[in-house]
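**Student:** Below is model-v6.cif; it holds mmCIF, C-alpha atoms.
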```cif
data_structure
loop_
_atom_site.label_atom_id
_atom_site.label_comp_id
_atom_site.auth_asym_id
_atom_site.auth_seq_id
_atom_site.Cartn_x
_atom_site.Cartn_y
_atom_site.Cartn_z
CA MET G 110 37.43 -128.24 4.96
CA SER G 111 39.64 -130.29 7.31
CA ALA G 112 40.92 -129.04 10.66
CA ASP G 113 44.39 -128.62 9.16
CA GLY G 114 42.92 -126.67 6.27
CA LEU G 115 41.04 -124.34 8.62
CA ARG G 116 44.16 -123.82 10.72
CA ARG G 117 46.24 -123.09 7.63
CA ALA G 118 43.63 -120.63 6.33
CA ALA G 119 43.55 -118.85 9.70
CA VAL G 120 47.34 -118.55 9.78
CA GLU G 121 47.43 -117.20 6.22
CA SER G 122 44.74 -114.65 7.10
CA VAL G 123 46.83 -113.05 9.82
CA SER G 124 50.36 -113.66 8.55
CA GLY G 125 52.58 -111.11 6.90
CA LEU G 126 51.17 -108.03 8.63
CA PRO G 127 53.52 -105.80 10.66
CA ARG G 128 53.54 -105.93 14.44
CA THR G 129 52.49 -102.27 14.60
CA PHE G 130 49.26 -103.17 12.81
CA TRP G 131 48.42 -105.73 15.48
CA TRP G 132 48.89 -103.18 18.25
CA LEU G 133 46.60 -100.83 16.33
CA TRP G 134 44.14 -103.73 15.87
CA THR G 135 44.27 -104.43 19.60
CA SER G 136 43.55 -100.79 20.43
CA THR G 137 40.56 -100.88 18.07
CA LEU G 138 39.22 -104.03 19.74
CA VAL G 139 39.65 -102.56 23.24
CA ASN G 140 37.97 -99.34 22.11
CA ARG G 141 34.95 -101.19 20.71
CA LEU G 142 34.71 -103.47 23.74
CA GLY G 143 33.95 -100.32 25.71
CA ALA G 144 31.51 -98.77 23.23
CA PHE G 145 28.60 -98.81 25.65
CA VAL G 146 27.18 -95.31 25.65
CA ALA G 147 26.12 -94.73 22.04
CA THR G 148 24.25 -98.05 22.02
CA PHE G 149 22.25 -97.40 25.19
CA LEU G 150 22.08 -93.59 25.17
CA ALA G 151 18.41 -93.41 24.13
CA MET G 152 17.40 -95.99 26.72
CA TYR G 153 19.39 -94.17 29.41
CA LEU G 154 17.68 -90.86 28.66
CA THR G 155 14.14 -92.24 28.47
CA VAL G 156 14.19 -94.99 31.13
CA ASP G 157 16.72 -93.77 33.68
CA ARG G 158 16.35 -90.00 33.29
CA GLY G 159 12.69 -89.91 32.27
CA TYR G 160 13.08 -87.68 29.21
CA SER G 161 10.82 -87.95 26.19
CA ALA G 162 11.62 -89.95 23.08
CA THR G 163 11.77 -86.67 21.14
CA TYR G 164 14.48 -85.33 23.42
CA ALA G 165 16.38 -88.63 23.22
CA GLY G 166 16.24 -88.40 19.43
CA LEU G 167 17.55 -84.83 19.56
CA VAL G 168 20.49 -85.88 21.74
CA ALA G 169 21.25 -88.82 19.43
CA ALA G 170 21.18 -86.45 16.45
CA LEU G 171 23.58 -84.05 18.22
CA HIS G 172 25.88 -86.97 18.97
CA GLY G 173 25.86 -87.81 15.26
CA LEU G 174 26.34 -84.16 14.32
CA GLY G 175 29.46 -84.07 16.48
CA GLY G 176 30.83 -86.90 14.36
CA VAL G 177 30.06 -84.97 11.18
CA VAL G 178 31.87 -81.89 12.46
CA SER G 179 34.96 -83.79 13.58
CA SER G 180 35.40 -85.97 10.48
CA VAL G 181 37.12 -83.37 8.31
CA GLY G 182 38.84 -81.61 11.23
CA ALA G 183 40.33 -84.87 12.49
CA GLY G 184 41.48 -85.67 8.96
CA VAL G 185 43.37 -82.37 8.76
CA LEU G 186 44.91 -82.95 12.20
CA THR G 187 45.94 -86.45 11.13
CA ASP G 188 48.02 -84.95 8.32
CA ARG G 189 49.31 -81.92 10.23
CA LEU G 190 49.94 -83.25 13.77
CA GLY G 191 50.30 -86.90 12.89
CA ARG G 192 48.32 -90.10 13.34
CA ARG G 193 49.48 -90.82 16.89
CA PRO G 194 48.78 -87.37 18.41
CA THR G 195 45.33 -87.29 16.77
CA LEU G 196 44.50 -90.72 18.19
CA LEU G 197 45.63 -89.67 21.67
CA VAL G 198 43.67 -86.39 21.60
CA SER G 199 40.56 -88.23 20.37
CA GLN G 200 40.76 -91.01 22.94
CA LEU G 201 41.54 -88.77 25.91
CA GLY G 202 38.74 -86.43 24.83
CA THR G 203 36.35 -89.37 24.54
CA ALA G 204 37.25 -90.71 27.98
CA PHE G 205 36.74 -87.33 29.64
CA SER G 206 33.49 -86.42 27.85
CA VAL G 207 31.92 -89.88 28.30
CA ALA G 208 32.65 -89.84 32.04
CA LEU G 209 31.24 -86.30 32.27
CA LEU G 210 28.06 -87.38 30.45
CA GLY G 211 27.33 -89.80 33.26
CA PHE G 212 27.19 -86.97 35.80
CA VAL G 213 25.50 -84.03 34.05
CA GLU G 214 21.75 -83.69 34.61
CA HIS G 215 20.51 -80.49 32.96
CA PRO G 216 18.96 -81.19 29.52
CA ALA G 217 21.08 -78.54 27.79
CA ALA G 218 24.26 -79.85 29.44
CA ILE G 219 23.47 -83.42 28.42
CA ALA G 220 22.91 -82.32 24.82
CA ALA G 221 26.16 -80.31 24.76
CA VAL G 222 28.25 -83.12 26.24
CA ALA G 223 26.68 -85.69 23.87
CA PHE G 224 27.77 -83.47 20.98
CA ALA G 225 31.31 -83.41 22.42
CA VAL G 226 31.30 -87.20 22.82
CA GLY G 227 30.32 -87.56 19.15
CA MET G 228 33.14 -85.24 18.10
CA ALA G 229 35.80 -86.93 20.20
CA SER G 230 34.87 -90.53 19.48
CA ASN G 231 34.61 -90.02 15.72
CA GLY G 232 37.91 -88.15 15.58
CA SER G 233 39.99 -91.33 15.76
CA ARG G 234 38.65 -92.88 12.55
CA PRO G 235 40.66 -90.93 9.95
CA ALA G 236 43.83 -91.47 12.00
CA VAL G 237 43.29 -95.22 12.33
CA GLN G 238 42.52 -95.65 8.64
CA ALA G 239 45.45 -93.47 7.55
CA MET G 240 47.81 -95.38 9.85
CA ILE G 241 46.71 -98.72 8.39
CA ALA G 242 47.43 -97.37 4.90
CA ASP G 243 50.83 -96.11 6.11
CA ILE G 244 52.09 -99.30 7.74
CA VAL G 245 50.55 -102.09 5.64
CA ALA G 246 51.88 -102.99 2.19
CA PRO G 247 49.38 -102.14 -0.58
CA LYS G 248 48.85 -105.80 -1.51
CA ASP G 249 47.72 -106.56 2.07
CA ARG G 250 45.51 -103.53 2.73
CA VAL G 251 42.15 -105.13 1.92
CA ARG G 252 42.97 -107.92 4.37
CA ALA G 253 44.14 -105.42 7.01
CA PHE G 254 41.01 -103.28 6.70
CA SER G 255 38.91 -106.45 6.88
CA LEU G 256 40.63 -107.58 10.08
CA ASN G 257 40.14 -104.13 11.61
CA TYR G 258 36.45 -104.17 10.63
CA TRP G 259 36.17 -107.64 12.17
CA ALA G 260 37.63 -106.31 15.43
CA ILE G 261 35.09 -103.47 15.42
CA ASN G 262 32.17 -105.86 15.05
CA LEU G 263 33.53 -108.40 17.53
CA GLY G 264 34.03 -105.67 20.10
CA PHE G 265 30.57 -104.27 19.45
CA ALA G 266 28.93 -107.69 19.80
CA VAL G 267 30.59 -108.27 23.16
CA SER G 268 30.00 -104.73 24.44
CA ALA G 269 26.32 -104.71 23.45
CA SER G 270 25.78 -107.95 25.38
CA ALA G 271 27.78 -106.83 28.41
CA ALA G 272 26.22 -103.36 28.51
CA GLY G 273 22.76 -104.74 29.19
CA LEU G 274 24.04 -106.62 32.22
CA ILE G 275 26.09 -103.67 33.48
CA ALA G 276 23.13 -101.28 33.10
CA GLU G 277 21.16 -103.37 35.59
CA HIS G 278 23.57 -102.13 38.25
CA GLY G 279 23.31 -98.50 37.16
CA TYR G 280 23.94 -96.61 33.97
CA LEU G 281 26.78 -94.64 35.54
CA LEU G 282 28.87 -97.82 35.39
CA LEU G 283 28.42 -97.82 31.61
CA PHE G 284 29.82 -94.31 31.30
CA LEU G 285 32.73 -94.94 33.65
CA GLY G 286 33.44 -98.33 32.06
CA GLU G 287 33.68 -96.84 28.58
CA ALA G 288 35.89 -94.04 29.88
CA ALA G 289 38.22 -96.57 31.54
CA LEU G 290 38.55 -98.78 28.47
CA THR G 291 39.13 -95.75 26.26
CA LEU G 292 41.96 -94.71 28.57
CA VAL G 293 43.43 -98.22 28.23
CA CYS G 294 43.24 -97.73 24.47
CA ALA G 295 45.07 -94.39 24.77
CA VAL G 296 47.81 -96.04 26.85
CA LEU G 297 48.26 -98.72 24.16
CA VAL G 298 48.61 -96.03 21.51
CA PHE G 299 51.09 -94.02 23.62
CA VAL G 300 53.28 -97.00 24.53
CA LYS G 301 53.12 -99.24 21.47
CA LEU G 302 52.31 -97.18 18.36
CA PRO G 303 55.03 -95.08 16.69
CA GLU G 304 54.12 -92.19 14.43
CA SER G 305 53.59 -93.44 10.85
CA ARG G 306 52.95 -90.18 8.99
CA PRO G 307 55.16 -90.00 5.88
CA GLY G 308 57.73 -87.22 6.09
CA GLY G 309 58.07 -84.40 3.62
CA GLY G 310 60.70 -84.24 0.94
CA PRO G 311 61.16 -86.03 -2.36
CA VAL G 312 58.63 -88.39 -3.86
CA ARG G 313 59.71 -91.15 -6.23
CA THR G 314 57.08 -92.42 -8.67
CA ALA G 315 57.00 -95.84 -10.28
CA ARG G 316 57.92 -94.15 -13.58
CA GLY G 317 61.19 -92.91 -12.11
CA ALA G 318 60.29 -89.22 -11.69
CA VAL G 319 61.31 -87.39 -8.52
CA ALA G 320 59.43 -84.35 -7.25
CA ASP G 321 59.08 -82.32 -4.08
CA GLY G 322 56.75 -83.62 -1.40
CA PRO G 323 53.15 -82.89 -2.39
CA ARG G 324 51.07 -80.33 -0.56
CA VAL G 325 47.55 -81.61 -0.08
CA SER G 326 44.69 -79.39 1.08
CA MET G 327 40.97 -79.99 1.42
CA GLY G 328 40.68 -78.24 -1.93
CA THR G 329 42.87 -80.98 -3.40
CA VAL G 330 40.47 -83.58 -2.03
CA LEU G 331 37.37 -81.80 -3.32
CA ARG G 332 38.89 -81.37 -6.79
CA ASP G 333 39.79 -85.06 -7.02
CA GLY G 334 36.82 -86.10 -9.15
CA PRO G 335 37.28 -89.90 -9.08
CA PHE G 336 37.81 -89.92 -5.32
CA MET G 337 34.78 -87.71 -4.66
CA ALA G 338 32.74 -90.03 -6.89
CA VAL G 339 33.81 -92.93 -4.66
CA VAL G 340 32.80 -90.88 -1.60
CA GLY G 341 29.39 -90.14 -3.13
CA LEU G 342 28.76 -93.77 -4.02
CA GLY G 343 29.90 -94.81 -0.55
CA PHE G 344 27.37 -92.36 0.89
CA LEU G 345 24.57 -94.03 -1.09
CA VAL G 346 25.54 -97.48 0.17
CA ALA G 347 25.89 -96.15 3.73
CA THR G 348 22.31 -94.81 3.66
CA LEU G 349 21.18 -98.37 2.95
CA PHE G 350 22.98 -99.92 5.92
CA MET G 351 21.72 -97.16 8.24
CA GLN G 352 18.12 -98.24 7.57
CA ALA G 353 18.79 -101.27 9.80
CA TYR G 354 18.69 -99.17 12.97
CA VAL G 355 15.57 -97.02 12.53
CA ALA G 356 13.41 -98.03 9.59
CA LEU G 357 13.85 -101.78 10.10
CA PRO G 358 12.71 -101.92 13.76
CA VAL G 359 9.84 -99.52 13.00
CA ASP G 360 8.73 -101.74 10.12
CA MET G 361 8.94 -104.87 12.26
CA ALA G 362 6.90 -103.25 15.02
CA ALA G 363 4.25 -102.16 12.50
CA LYS G 364 3.90 -105.81 11.46
CA GLY G 365 3.30 -106.94 15.03
CA LEU G 366 6.79 -108.14 15.94
CA SER G 367 8.39 -107.31 19.28
CA SER G 368 11.62 -105.59 20.26
CA SER G 369 13.06 -108.98 21.21
CA ASP G 370 12.24 -110.22 17.70
CA TYR G 371 14.19 -107.27 16.29
CA GLY G 372 17.08 -107.95 18.66
CA LEU G 373 17.20 -111.58 17.58
CA ALA G 374 17.08 -110.69 13.88
CA ILE G 375 19.66 -107.91 13.95
CA ALA G 376 22.03 -110.07 16.02
CA VAL G 377 22.39 -112.22 12.90
CA ASN G 378 24.14 -109.26 11.22
CA GLY G 379 26.91 -109.14 13.82
CA LEU G 380 27.18 -112.93 14.01
CA LEU G 381 27.63 -113.29 10.25
CA ILE G 382 30.28 -110.56 10.17
CA VAL G 383 32.25 -112.19 12.99
CA VAL G 384 32.02 -115.65 11.39
CA LEU G 385 32.39 -114.78 7.69
CA GLN G 386 34.42 -111.55 7.43
CA ILE G 387 37.87 -113.15 7.50
CA PRO G 388 37.20 -116.21 5.29
CA VAL G 389 35.31 -114.11 2.74
CA THR G 390 38.17 -111.63 2.62
CA ARG G 391 40.56 -114.50 1.90
CA LEU G 392 38.45 -115.24 -1.19
CA ILE G 393 38.17 -111.67 -2.47
CA GLU G 394 41.35 -109.81 -1.51
CA HIS G 395 43.00 -110.22 -4.93
CA ARG G 396 39.86 -110.00 -7.07
CA ASP G 397 38.66 -107.10 -9.21
CA PRO G 398 37.41 -104.39 -6.80
CA ALA G 399 35.02 -103.02 -9.42
CA ARG G 400 33.03 -106.24 -9.58
CA LEU G 401 33.09 -106.64 -5.81
CA LEU G 402 31.74 -103.12 -5.23
CA VAL G 403 29.03 -103.62 -7.85
CA LEU G 404 28.04 -106.93 -6.26
CA SER G 405 28.09 -105.51 -2.72
CA SER G 406 25.83 -102.61 -3.76
CA LEU G 407 23.32 -104.96 -5.35
CA LEU G 408 23.33 -107.27 -2.31
CA ALA G 409 22.78 -104.29 -0.01
CA GLY G 410 20.02 -102.73 -2.10
CA TYR G 411 18.10 -105.90 -2.89
CA GLY G 412 18.70 -107.34 0.58
CA PHE G 413 16.84 -104.41 2.08
CA GLY G 414 14.37 -104.62 -0.81
CA LEU G 415 13.48 -108.17 0.31
CA THR G 416 12.20 -106.66 3.56
CA ALA G 417 9.08 -105.58 1.67
CA PHE G 418 8.06 -109.25 1.54
CA ALA G 419 8.93 -110.03 5.18
CA GLY G 420 6.18 -110.77 7.67
CA SER G 421 7.94 -113.13 10.04
CA VAL G 422 11.22 -113.18 11.91
CA GLY G 423 12.54 -115.83 9.53
CA MET G 424 11.95 -113.67 6.46
CA TYR G 425 13.54 -110.66 8.13
CA VAL G 426 16.57 -112.81 8.99
CA LEU G 427 16.80 -113.92 5.36
CA ALA G 428 16.81 -110.30 4.18
CA ILE G 429 19.41 -109.40 6.82
CA CYS G 430 21.64 -112.25 5.65
CA VAL G 431 21.58 -110.91 2.09
CA TRP G 432 22.48 -107.31 2.91
CA THR G 433 25.03 -108.41 5.51
CA LEU G 434 26.91 -110.24 2.74
CA GLY G 435 26.93 -106.92 0.92
CA GLU G 436 28.35 -105.24 4.01
CA ILE G 437 31.06 -107.91 4.38
CA LEU G 438 32.14 -107.33 0.79
CA ASN G 439 31.79 -103.57 0.75
CA SER G 440 33.70 -102.44 3.81
CA PRO G 441 37.24 -103.80 3.20
CA VAL G 442 37.11 -103.25 -0.57
CA GLN G 443 35.84 -99.68 -0.22
CA MET G 444 38.44 -98.85 2.44
CA GLY G 445 41.18 -100.39 0.32
CA LEU G 446 40.05 -98.30 -2.65
CA VAL G 447 40.00 -95.11 -0.57
CA ALA G 448 43.54 -95.82 0.67
CA ARG G 449 44.68 -96.50 -2.88
CA LEU G 450 43.25 -93.25 -4.18
CA SER G 451 44.77 -91.21 -1.35
CA PRO G 452 48.20 -89.58 -1.73
CA ALA G 453 50.50 -90.56 1.14
CA HIS G 454 50.83 -86.98 2.42
CA GLY G 455 47.08 -86.40 2.36
CA ARG G 456 45.70 -89.66 3.71
CA GLY G 457 44.23 -88.01 6.79
CA ARG G 458 42.22 -85.51 4.75
CA TYR G 459 41.08 -88.16 2.28
CA GLN G 460 40.09 -90.56 5.05
CA GLY G 461 38.36 -87.70 6.87
CA MET G 462 36.25 -86.96 3.79
CA HIS G 463 35.33 -90.64 3.50
CA THR G 464 34.43 -90.75 7.20
CA LEU G 465 32.31 -87.63 6.67
CA SER G 466 30.20 -89.44 4.07
CA TRP G 467 29.27 -92.14 6.60
CA SER G 468 28.64 -89.60 9.36
CA VAL G 469 26.30 -87.61 7.12
CA ALA G 470 24.56 -90.83 6.08
CA ALA G 471 24.00 -91.62 9.75
CA LEU G 472 22.12 -88.32 10.04
CA VAL G 473 20.29 -88.30 6.71
CA ALA G 474 19.23 -91.96 6.44
CA PRO G 475 17.05 -92.13 9.59
CA LEU G 476 15.32 -88.87 8.71
CA ALA G 477 14.72 -89.89 5.10
CA GLY G 478 13.64 -93.41 6.03
CA GLY G 479 11.22 -92.15 8.66
CA ALA G 480 9.71 -89.59 6.30
CA VAL G 481 9.14 -92.20 3.59
CA LEU G 482 7.58 -94.60 6.10
CA ASP G 483 5.21 -91.90 7.38
CA HIS G 484 4.11 -90.58 3.97
CA TRP G 485 4.26 -93.56 1.59
CA GLY G 486 4.68 -96.70 3.68
CA SER G 487 7.24 -99.45 4.01
CA ALA G 488 6.71 -100.96 0.54
CA VAL G 489 7.88 -97.73 -1.09
CA LEU G 490 10.85 -97.42 1.27
CA TRP G 491 12.16 -100.92 0.56
CA ALA G 492 11.59 -100.48 -3.18
CA LEU G 493 13.66 -97.28 -2.98
CA THR G 494 16.48 -99.13 -1.23
CA ALA G 495 16.62 -101.57 -4.14
CA GLY G 496 16.76 -98.58 -6.49
CA VAL G 497 19.55 -96.90 -4.53
CA GLY G 498 21.56 -100.12 -4.57
CA THR G 499 21.13 -100.37 -8.33
CA VAL G 500 22.23 -96.76 -8.85
CA ALA G 501 25.32 -97.31 -6.66
CA ALA G 502 26.20 -100.51 -8.55
CA LEU G 503 25.92 -98.75 -11.91
CA GLY G 504 27.98 -95.85 -10.58
CA TYR G 505 30.78 -98.10 -9.37
CA GLY G 506 30.80 -99.94 -12.70
CA VAL G 507 31.03 -96.75 -14.76
CA LEU G 508 33.61 -95.14 -12.47
CA MET G 509 35.94 -98.11 -12.36
CA ARG G 510 35.72 -98.63 -16.14
CA ARG G 511 36.64 -95.00 -16.77
CA THR G 512 39.48 -95.16 -14.28
CA ALA G 513 40.81 -98.35 -15.91
CA ALA G 514 40.59 -96.79 -19.38
CA ARG G 515 42.59 -93.74 -18.20
CA GLU G 516 45.26 -95.73 -16.38
CA ASP G 517 48.70 -95.49 -17.96
CA GLY G 518 50.25 -98.94 -18.32
CA GLY G 519 47.93 -101.20 -20.29
CA ASP G 520 48.80 -104.36 -18.39
CA GLY G 521 45.18 -105.32 -17.92
CA ALA G 522 45.34 -104.97 -14.16
CA PRO G 523 42.44 -103.37 -12.27
CA ALA G 524 42.64 -99.63 -12.00
CA ALA G 525 44.67 -98.43 -9.08
CA GLY G 526 43.37 -94.92 -8.81
CA PRO G 527 42.73 -91.63 -10.53
CA VAL G 528 45.44 -91.06 -13.13
CA THR G 529 44.88 -88.08 -15.36
CA GLY G 530 47.34 -89.14 -18.03
CA PRO G 531 50.97 -90.09 -18.62
CA LYS G 532 52.18 -87.06 -16.69
CA ALA G 533 50.04 -87.50 -13.60
CA SER G 534 51.38 -85.59 -10.61
CA PRO G 535 52.60 -87.31 -7.43
CA VAL G 536 49.55 -85.94 -5.61
CA THR G 537 47.11 -87.99 -7.66
CA ASP G 538 49.41 -90.73 -8.94
CA PRO G 539 48.64 -93.87 -6.90
CA GLU G 540 52.04 -95.26 -7.79
CA ALA G 541 53.87 -92.33 -6.20
CA VAL G 542 55.79 -93.67 -3.20
CA PRO G 543 57.32 -91.19 -0.74
CA VAL G 544 60.93 -92.06 0.00
CA THR G 545 60.21 -91.92 3.75
CA ASP G 546 56.90 -93.77 3.56
CA PRO G 547 57.03 -96.97 5.68
CA GLU G 548 55.31 -98.90 2.89
CA ALA G 549 58.12 -98.13 0.40
CA GLY G 550 59.96 -101.36 1.14
CA PRO G 551 61.70 -103.59 -1.39
CA GLU G 552 58.50 -105.42 -2.25
CA ALA G 553 56.48 -102.26 -2.88
CA ALA G 554 59.26 -100.65 -4.91
CA ALA G 555 59.94 -103.74 -6.99
CA SER G 556 56.55 -104.05 -8.60
CA PRO G 557 54.24 -101.10 -9.37
CA ALA G 558 51.38 -103.50 -10.09
CA ARG G 559 51.74 -105.12 -6.65
CA ALA G 560 52.22 -101.73 -4.98
CA ALA G 561 48.86 -100.71 -6.39
CA GLY G 562 47.26 -103.50 -4.35
#
```
Using structure tokens, write down the structure from this file.

**Tutor:**
Amino acid sequence: MSADGLRRAAVESVSGLPRTFWWLWTSTLVNRLGAFVATFLAMYLTVDRGYSATYAGLVAALHGLGGVVSSVGAGVLTDRLGRRPTLLVSQLGTAFSVALLGFVEHPAAIAAVAFAVGMASNGSRPAVQAMIADIVAPKDRVRAFSLNYWAINLGFAVSASAAGLIAEHGYLLLFLGEAALTLVCAVLVFVKLPESRPGGGPVRTARGAVADGPRVSMGTVLRDGPFMAVVGLGFLVATLFMQAYVALPVDMAAKGLSSSDYGLAIAVNGLLIVVLQIPVTRLIEHRDPARLLVLSSLLAGYGFGLTAFAGSVGMYVLAICVWTLGEILNSPVQMGLVARLSPAHGRGRYQGMHTLSWSVAALVAPLAGGAVLDHWGSAVLWALTAGVGTVAALGYGVLMRRTAAREDGGDGAPAAGPVTGPKASPVTDPEAVPVTDPEAGPEAAASPARAAG
């Protein structure tokens, strides 16, 4: 592609999105640029504080458990208080608890504060995802989620590199640095981001019906069968990606490779995401999400399955390239699907449930992967990952076919969400557009097919 072609593609990738989205994107980037502590927490506890690896693992698990606890709670707050207040509470809580973690010394206090850090830092995710769905037109959501995911990975790549250098001058600087950047993020949210939560009142559907504003509870979310199926399938895929941070380095060490070899190999994951996420999204944003989710699941499962044949850094890098392509495809399409299945007045709860699936996977996957490695060996583990990827792919295929068959319209377009029949309620009707919803502009109202994304 020529230089002009690349420049044109770059402009098209970022054009058409509201200014509010870019302030939210900037806050995400700043937040991830300061994500030092979670990455180096185990090293801080074992090297700097002298605690055992078992204790470090316990603290890491409590940090993850905090994220599990806050996922649903933050989703409820996102709907009740609003996106902006939830973001501010989360970021201010993160800044305070991270700074405190740098000063506490008693083992019980460290564990308790790490749990609080996990709760606070994970609490912003449902609010960010719900706000993107609020302010971005449905046809642009996959691209918006992709750009946000790109910012997360770019920030992580920079922070992981900088953290190692900062830690040489003392780990306390890491804690205070993350707290400072999180405060900067909170200031951006306070000054630049207006509240985007849709107001109550009438809801106008694409079929012309008008009803009172829907009341969405966690029971509504749990009873939404198609959405919960998406959450379950997302959990399966998440357990695959989580193997990269425990099972993969353990497997590489067992085959005589060093920690620097692992660092070099896993860096390819972040590099590919930074380089390929945006151009790949340009290719896929208007394609059938069912096929993309099936393909991403197979790439993830069989990419990790290839690890069974790896004995050198080159082979591990090849396997990482395969499952990273699955990750690049999966994240924006899955997030776009979750936003599409979520009623406007319940996006926080729906996004919180989706966030919960990844938080639980972060707890379950390392434990399950370690147990399989200890009892049956790496060959069995990587064969199981291929099996899990296949099951997820089949599940996505069946779910999306059933959803398409039940959709009321018959225009041949991909399914937009769970529709239970011609008289679907505004709560579950993906074409229901709240009158006060920021996305209900002329373009969204003019074409139900385009509004469905």

**Student:** For the file shown, report as a PyMOL selection string the outcome of the PyMOL selection byres ((chain G and resi 434) around 10) at residue level.

**Tutor:** chain G and resi 378+381-382+385-386+389+404-405+408-409+412+429-433+435-439

**Student:** Export, as an mmCIF file, in the coordinates of the input, the selected residues with C-alpha atoms.

**Tutor:**
```
data_model
loop_
_atom_site.group_PDB
_atom_site.id
_atom_site.type_symbol
_atom_site.label_atom_id
_atom_site.label_comp_id
_atom_site.auth_asym_id
_atom_site.auth_seq_id
_atom_site.Cartn_x
_atom_site.Cartn_y
_atom_site.Cartn_z
ATOM 1 C CA ASN G 378 24.140 -109.260 11.220
ATOM 2 C CA LEU G 381 27.630 -113.290 10.250
ATOM 3 C CA ILE G 382 30.280 -110.560 10.170
ATOM 4 C CA LEU G 385 32.390 -114.780 7.690
ATOM 5 C CA GLN G 386 34.420 -111.550 7.430
ATOM 6 C CA VAL G 389 35.310 -114.110 2.740
ATOM 7 C CA LEU G 404 28.040 -106.930 -6.260
ATOM 8 C CA SER G 405 28.090 -105.510 -2.720
ATOM 9 C CA LEU G 408 23.330 -107.270 -2.310
ATOM 10 C CA ALA G 409 22.780 -104.290 -0.010
ATOM 11 C CA GLY G 412 18.700 -107.340 0.580
ATOM 12 C CA ILE G 429 19.410 -109.400 6.820
ATOM 13 C CA CYS G 430 21.640 -112.250 5.650
ATOM 14 C CA VAL G 431 21.580 -110.910 2.090
ATOM 15 C CA TRP G 432 22.480 -107.310 2.910
ATOM 16 C CA THR G 433 25.030 -108.410 5.510
ATOM 17 C CA GLY G 435 26.930 -106.920 0.920
ATOM 18 C CA GLU G 436 28.350 -105.240 4.010
ATOM 19 C CA ILE G 437 31.060 -107.910 4.380
ATOM 20 C CA LEU G 438 32.140 -107.330 0.790
ATOM 21 C CA ASN G 439 31.790 -103.570 0.750
#
```

**Student:** Expand the PyMOL selection byres ((chain G and resi 398) around 8) into the explicit residue set it covers here, and present it as a ChimeraX atom specification.

**Tutor:** /G:396-397,399-402,442,446,523

**Student:** Between G:Cys294, G:Ala453, G:Ala501, G:Val226, which is the closest to G:Val177 once you count all atoms listed in the file?

**Tutor:** G:Val226

**Student:** So, counting only C-alpha atoms, which residue among G:Trp134, G:Trp467, G:Phe336, G:Trp485 is closest to G:Ser255?

**Tutor:**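 Of G:Trp134, G:Trp467, G:Phe336, G:Trp485, the one nearest G:Ser255 is G:Trp134, counting only C-alpha atoms.
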
**Student:** Name the closest residue to G:Leu283 among the candidates G:Leu366, G:Ala208, G:Val383, G:Val222; distances are taken between atoms, counting all atoms listed in the file.

**Tutor:**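 Selected residue with least distance to G:Leu283: G:Ala208.
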
**Student:** Any chance you could resolve the PyMOL selection byres ((chain G and resi 463) around 10) against this file and give the residues as a PyMOL selection string?

**Tutor:** chain G and resi 180-181+184+234-235+336-337+339-341+343-344+443-444+447+457-462+464-468

**Student:** If you measure from atom CA of G:Glu287 to atom CA of G:Ile387, what distance in Å do you get, rounded to one decimal?

**Tutor:**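 Computed distance, atom CA of G:Glu287 to atom CA of G:Ile387, equals 27.0 Å.
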